[in-house]
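Some notes on the structure that comes next.
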Amino acid sequence: MRKQKTTRIVLDTHTFLWLMLGKELSQKIQSLIETSAQNKELYLSAISLWEIAMLENKGRIILSEPCLLWLQQATSIPGLNLVPLSAEISVDSVNLPKSFHGDPADRIIVATARQFNAVLFTRDKKILSYAKEGYVESVEI
């Protein structure tokens with residue numbers, strides 16, 4: 001049996017939410033995420049926790065537990081690496097090549113993927129368009 005190639009993956013916020021809520025991910029995407037997690041190559045930017053808390057606070061999502069508890073449990077899944085905001089990611093996020101939109105969270109997530117030389121799993125059209133220009137590698141989920 002051939003071992004599946006490991007890919008470093010950064011999950012966009014909505015991708016992480018859908019994964020944790022059991023929604024909308026194809027079997028192929030789920031398999032790639034599971035393989036990366038098993039090899040400790042699955043990453044989530046800490047800014048995604050802030051985005052989830054904002055979504056919950058505004059009533060745009062409903063979590064099964066209080067937000068803090070939900071986030072603590074969700075980020076403790078085996079193989080997931082929570083990436084803090086580093087100096088390198090901070091600087092890259094404000095100096096992204098060419099033009100990228102101004103959403104700070106998206107800029108930090110893109111910079112995180114770039115810093116880890118990882119594939120960004122997203123459905124965000126602006127990020128996917130930016131990736132087509134060659135500035136970050138992404139997979140549309």
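Order determines the names: the first chain of the structure tokens is A, the second B, and so forth; residues in each chain are numbered 1 upward, and ligands are numbered 1 upward as they are shown.
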Going by DSSP on the backbone, which bits of stretch 42-89 of chain A are strand (DSSP E)? Write them as a list in words, please.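 Put together, the selection reads Leu42, Tyr43, Leu44, Ser45, Leu80, Asn81, Leu82 and Val83 of chain A.
Computed from the coordinates, the atom CA of A:Ser64 to atom CA of A:Ile109 distance equals 25.2 Å.
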Find the nearest atom pair between each residue of stretch 42-115 of chain A and stretch 8-17 of chain A for residues within 8 Å, count only C-alpha atoms, give distances in Å to one decimal, sort rows by chain and ascending number, and present the table as a Markdown table.
```
| residue | atom | partner | partner_atom | distance |
| --- | --- | --- | --- | --- |
| A:Leu42 | CA | A:Ile9 | CA | 5.0 |
| A:Tyr43 | CA | A:Val10 | CA | 4.6 |
| A:Leu44 | CA | A:Leu11 | CA | 5.5 |
| A:Ser45 | CA | A:Val10 | CA | 7.6 |
| A:Ser48 | CA | A:Thr13 | CA | 5.0 |
| A:Leu49 | CA | A:Thr13 | CA | 7.9 |
| A:Glu51 | CA | A:Thr13 | CA | 7.2 |
| A:Ile52 | CA | A:Thr13 | CA | 7.3 |
| A:Ile109 | CA | A:Asp12 | CA | 6.8 |
| A:Thr112 | CA | A:Val10 | CA | 7.5 |
| A:Ala113 | CA | A:Val10 | CA | 5.8 |
```
Would you write out those residues with N, CA and C atoms, as an mmCIF file, in the first residue's frame?
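Output file out.cif follows:
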```
data_model
loop_
_atom_site.group_PDB
_atom_site.id
_atom_site.type_symbol
_atom_site.label_atom_id
_atom_site.label_comp_id
_atom_site.auth_asym_id
_atom_site.auth_seq_id
_atom_site.Cartn_x
_atom_site.Cartn_y
_atom_site.Cartn_z
ATOM 1 N N LEU A 42 -0.725 20.149 9.947
ATOM 2 C CA LEU A 42 -1.984 20.880 9.812
ATOM 3 C C LEU A 42 -1.913 22.125 10.694
ATOM 4 N N TYR A 43 -2.174 23.299 10.091
ATOM 5 C CA TYR A 43 -1.986 24.558 10.791
ATOM 6 C C TYR A 43 -3.251 25.420 10.758
ATOM 7 N N LEU A 44 -3.420 26.194 11.821
ATOM 8 C CA LEU A 44 -4.509 27.156 11.922
ATOM 9 C C LEU A 44 -3.943 28.423 12.536
ATOM 10 N N SER A 45 -4.169 29.532 11.863
ATOM 11 C CA SER A 45 -3.712 30.816 12.396
ATOM 12 C C SER A 45 -4.549 31.186 13.614
ATOM 13 N N SER A 48 -7.837 33.058 13.370
ATOM 14 C CA SER A 48 -9.097 32.353 13.099
ATOM 15 C C SER A 48 -9.937 32.210 14.365
ATOM 16 N N LEU A 49 -9.290 32.106 15.515
ATOM 17 C CA LEU A 49 -10.033 32.024 16.780
ATOM 18 C C LEU A 49 -10.779 33.323 17.028
ATOM 19 N N GLU A 51 -11.731 35.408 14.653
ATOM 20 C CA GLU A 51 -12.819 35.473 13.667
ATOM 21 C C GLU A 51 -14.024 34.644 14.106
ATOM 22 N N ILE A 52 -13.772 33.456 14.647
ATOM 23 C CA ILE A 52 -14.863 32.598 15.114
ATOM 24 C C ILE A 52 -15.589 33.250 16.285
ATOM 25 N N ILE A 109 -3.797 35.194 7.524
ATOM 26 C CA ILE A 109 -3.922 33.780 7.139
ATOM 27 C C ILE A 109 -3.076 33.486 5.907
ATOM 28 N N THR A 112 0.504 33.475 6.921
ATOM 29 C CA THR A 112 0.804 32.236 7.658
ATOM 30 C C THR A 112 1.107 31.108 6.684
ATOM 31 N N ALA A 113 0.274 30.953 5.668
ATOM 32 C CA ALA A 113 0.511 29.908 4.667
ATOM 33 C C ALA A 113 1.845 30.123 3.959
#
```
Atom CA of A:Glu140 to atom CA of A:Gln27 measures 13.5 Å
re atom CA of A:Ser138 and atom CA of A:Phe121: distance 5.8 Å
Where does DSSP see helix (DSSP H, G or I) in stretch 63-135 of chain A, if you list the residues as a PyMOL selection string?
chain A and resi 67-74+87-94+104-115+125-132
Restricting the output to N, CA and C atoms, write the selected residues as an mmCIF file, in the first residue's frame.
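Generated output (again.cif):
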```cif
data_model
loop_
_atom_site.group_PDB
_atom_site.id
_atom_site.type_symbol
_atom_site.label_atom_id
_atom_site.label_comp_id
_atom_site.auth_asym_id
_atom_site.auth_seq_id
_atom_site.Cartn_x
_atom_site.Cartn_y
_atom_site.Cartn_z
ATOM 1 N N CYS A 67 -18.422 29.813 23.594
ATOM 2 C CA CYS A 67 -17.376 30.024 22.588
ATOM 3 C C CYS A 67 -15.978 29.632 23.080
ATOM 4 N N LEU A 68 -15.580 30.084 24.238
ATOM 5 C CA LEU A 68 -14.238 29.776 24.733
ATOM 6 C C LEU A 68 -14.034 28.272 24.864
ATOM 7 N N LEU A 69 -14.985 27.583 25.439
ATOM 8 C CA LEU A 69 -14.880 26.131 25.594
ATOM 9 C C LEU A 69 -14.832 25.452 24.232
ATOM 10 N N TRP A 70 -15.690 25.889 23.316
ATOM 11 C CA TRP A 70 -15.715 25.304 21.975
ATOM 12 C C TRP A 70 -14.362 25.468 21.299
ATOM 13 N N LEU A 71 -13.793 26.676 21.382
ATOM 14 C CA LEU A 71 -12.492 26.931 20.763
ATOM 15 C C LEU A 71 -11.389 26.083 21.397
ATOM 16 N N GLN A 72 -11.426 25.961 22.719
ATOM 17 C CA GLN A 72 -10.407 25.151 23.403
ATOM 18 C C GLN A 72 -10.497 23.695 22.962
ATOM 19 N N GLN A 73 -11.708 23.171 22.869
ATOM 20 C CA GLN A 73 -11.885 21.779 22.450
ATOM 21 C C GLN A 73 -11.518 21.591 20.977
ATOM 22 N N ALA A 74 -11.971 22.518 20.132
ATOM 23 C CA ALA A 74 -11.724 22.395 18.694
ATOM 24 C C ALA A 74 -10.241 22.468 18.361
ATOM 25 N N ALA A 87 6.438 37.820 14.459
ATOM 26 C CA ALA A 87 6.964 39.019 13.793
ATOM 27 C C ALA A 87 7.014 38.799 12.281
ATOM 28 N N GLU A 88 7.429 37.613 11.851
ATOM 29 C CA GLU A 88 7.543 37.320 10.425
ATOM 30 C C GLU A 88 6.184 37.361 9.725
ATOM 31 N N ILE A 89 5.192 36.748 10.351
ATOM 32 C CA ILE A 89 3.845 36.742 9.778
ATOM 33 C C ILE A 89 3.273 38.158 9.776
ATOM 34 N N SER A 90 3.483 38.886 10.851
ATOM 35 C CA SER A 90 2.998 40.270 10.930
ATOM 36 C C SER A 90 3.552 41.121 9.803
ATOM 37 N N VAL A 91 4.870 41.059 9.611
ATOM 38 C CA VAL A 91 5.503 41.881 8.578
ATOM 39 C C VAL A 91 5.071 41.424 7.186
ATOM 40 N N ASP A 92 5.033 40.115 6.948
ATOM 41 C CA ASP A 92 4.620 39.630 5.636
ATOM 42 C C ASP A 92 3.172 40.018 5.337
ATOM 43 N N SER A 93 2.320 40.009 6.347
ATOM 44 C CA SER A 93 0.904 40.317 6.119
ATOM 45 C C SER A 93 0.686 41.753 5.641
ATOM 46 N N VAL A 94 1.558 42.659 6.012
ATOM 47 C CA VAL A 94 1.421 44.046 5.557
ATOM 48 C C VAL A 94 2.245 44.332 4.297
ATOM 49 N N PRO A 104 -7.617 42.372 7.449
ATOM 50 C CA PRO A 104 -6.437 41.966 8.221
ATOM 51 C C PRO A 104 -6.382 40.464 8.510
ATOM 52 N N ALA A 105 -7.512 39.850 8.806
ATOM 53 C CA ALA A 105 -7.503 38.414 9.115
ATOM 54 C C ALA A 105 -7.075 37.605 7.893
ATOM 55 N N ASP A 106 -7.627 37.931 6.721
ATOM 56 C CA ASP A 106 -7.231 37.224 5.500
ATOM 57 C C ASP A 106 -5.754 37.440 5.202
ATOM 58 N N ARG A 107 -5.271 38.644 5.416
ATOM 59 C CA ARG A 107 -3.855 38.937 5.175
ATOM 60 C C ARG A 107 -2.964 38.087 6.096
ATOM 61 N N ILE A 108 -3.370 37.955 7.356
ATOM 62 C CA ILE A 108 -2.593 37.151 8.321
ATOM 63 C C ILE A 108 -2.646 35.675 7.953
ATOM 64 N N ILE A 109 -3.797 35.194 7.524
ATOM 65 C CA ILE A 109 -3.922 33.780 7.139
ATOM 66 C C ILE A 109 -3.076 33.486 5.907
ATOM 67 N N VAL A 110 -3.123 34.368 4.908
ATOM 68 C CA VAL A 110 -2.286 34.202 3.712
ATOM 69 C C VAL A 110 -0.805 34.240 4.098
ATOM 70 N N ALA A 111 -0.417 35.185 4.933
ATOM 71 C CA ALA A 111 0.979 35.280 5.364
ATOM 72 C C ALA A 111 1.409 34.031 6.140
ATOM 73 N N THR A 112 0.504 33.475 6.921
ATOM 74 C CA THR A 112 0.804 32.236 7.658
ATOM 75 C C THR A 112 1.107 31.108 6.684
ATOM 76 N N ALA A 113 0.274 30.953 5.668
ATOM 77 C CA ALA A 113 0.511 29.908 4.667
ATOM 78 C C ALA A 113 1.845 30.123 3.959
ATOM 79 N N ARG A 114 2.141 31.372 3.644
ATOM 80 C CA ARG A 114 3.410 31.691 2.977
ATOM 81 C C ARG A 114 4.601 31.364 3.884
ATOM 82 N N GLN A 115 4.507 31.710 5.167
ATOM 83 C CA GLN A 115 5.613 31.469 6.099
ATOM 84 C C GLN A 115 5.872 29.978 6.300
ATOM 85 N N LYS A 125 -12.940 33.601 -2.565
ATOM 86 C CA LYS A 125 -12.633 33.918 -3.968
ATOM 87 C C LYS A 125 -11.452 34.887 -4.097
ATOM 88 N N LYS A 126 -11.324 35.832 -3.193
ATOM 89 C CA LYS A 126 -10.211 36.786 -3.268
ATOM 90 C C LYS A 126 -8.880 36.081 -3.017
ATOM 91 N N ILE A 127 -8.864 35.162 -2.071
ATOM 92 C CA ILE A 127 -7.633 34.406 -1.797
ATOM 93 C C ILE A 127 -7.311 33.482 -2.967
ATOM 94 N N LEU A 128 -8.322 32.812 -3.509
ATOM 95 C CA LEU A 128 -8.103 31.913 -4.643
ATOM 96 C C LEU A 128 -7.581 32.680 -5.862
ATOM 97 N N SER A 129 -8.104 33.865 -6.085
ATOM 98 C CA SER A 129 -7.639 34.699 -7.191
ATOM 99 C C SER A 129 -6.184 35.117 -6.966
ATOM 100 N N TYR A 130 -5.852 35.480 -5.733
ATOM 101 C CA TYR A 130 -4.482 35.858 -5.376
ATOM 102 C C TYR A 130 -3.536 34.673 -5.587
ATOM 103 N N ALA A 131 -4.009 33.489 -5.245
ATOM 104 C CA ALA A 131 -3.199 32.276 -5.416
ATOM 105 C C ALA A 131 -2.932 32.003 -6.899
ATOM 106 N N LYS A 132 -3.903 32.275 -7.750
ATOM 107 C CA LYS A 132 -3.707 32.065 -9.193
ATOM 108 C C LYS A 132 -2.589 32.943 -9.736
#
```
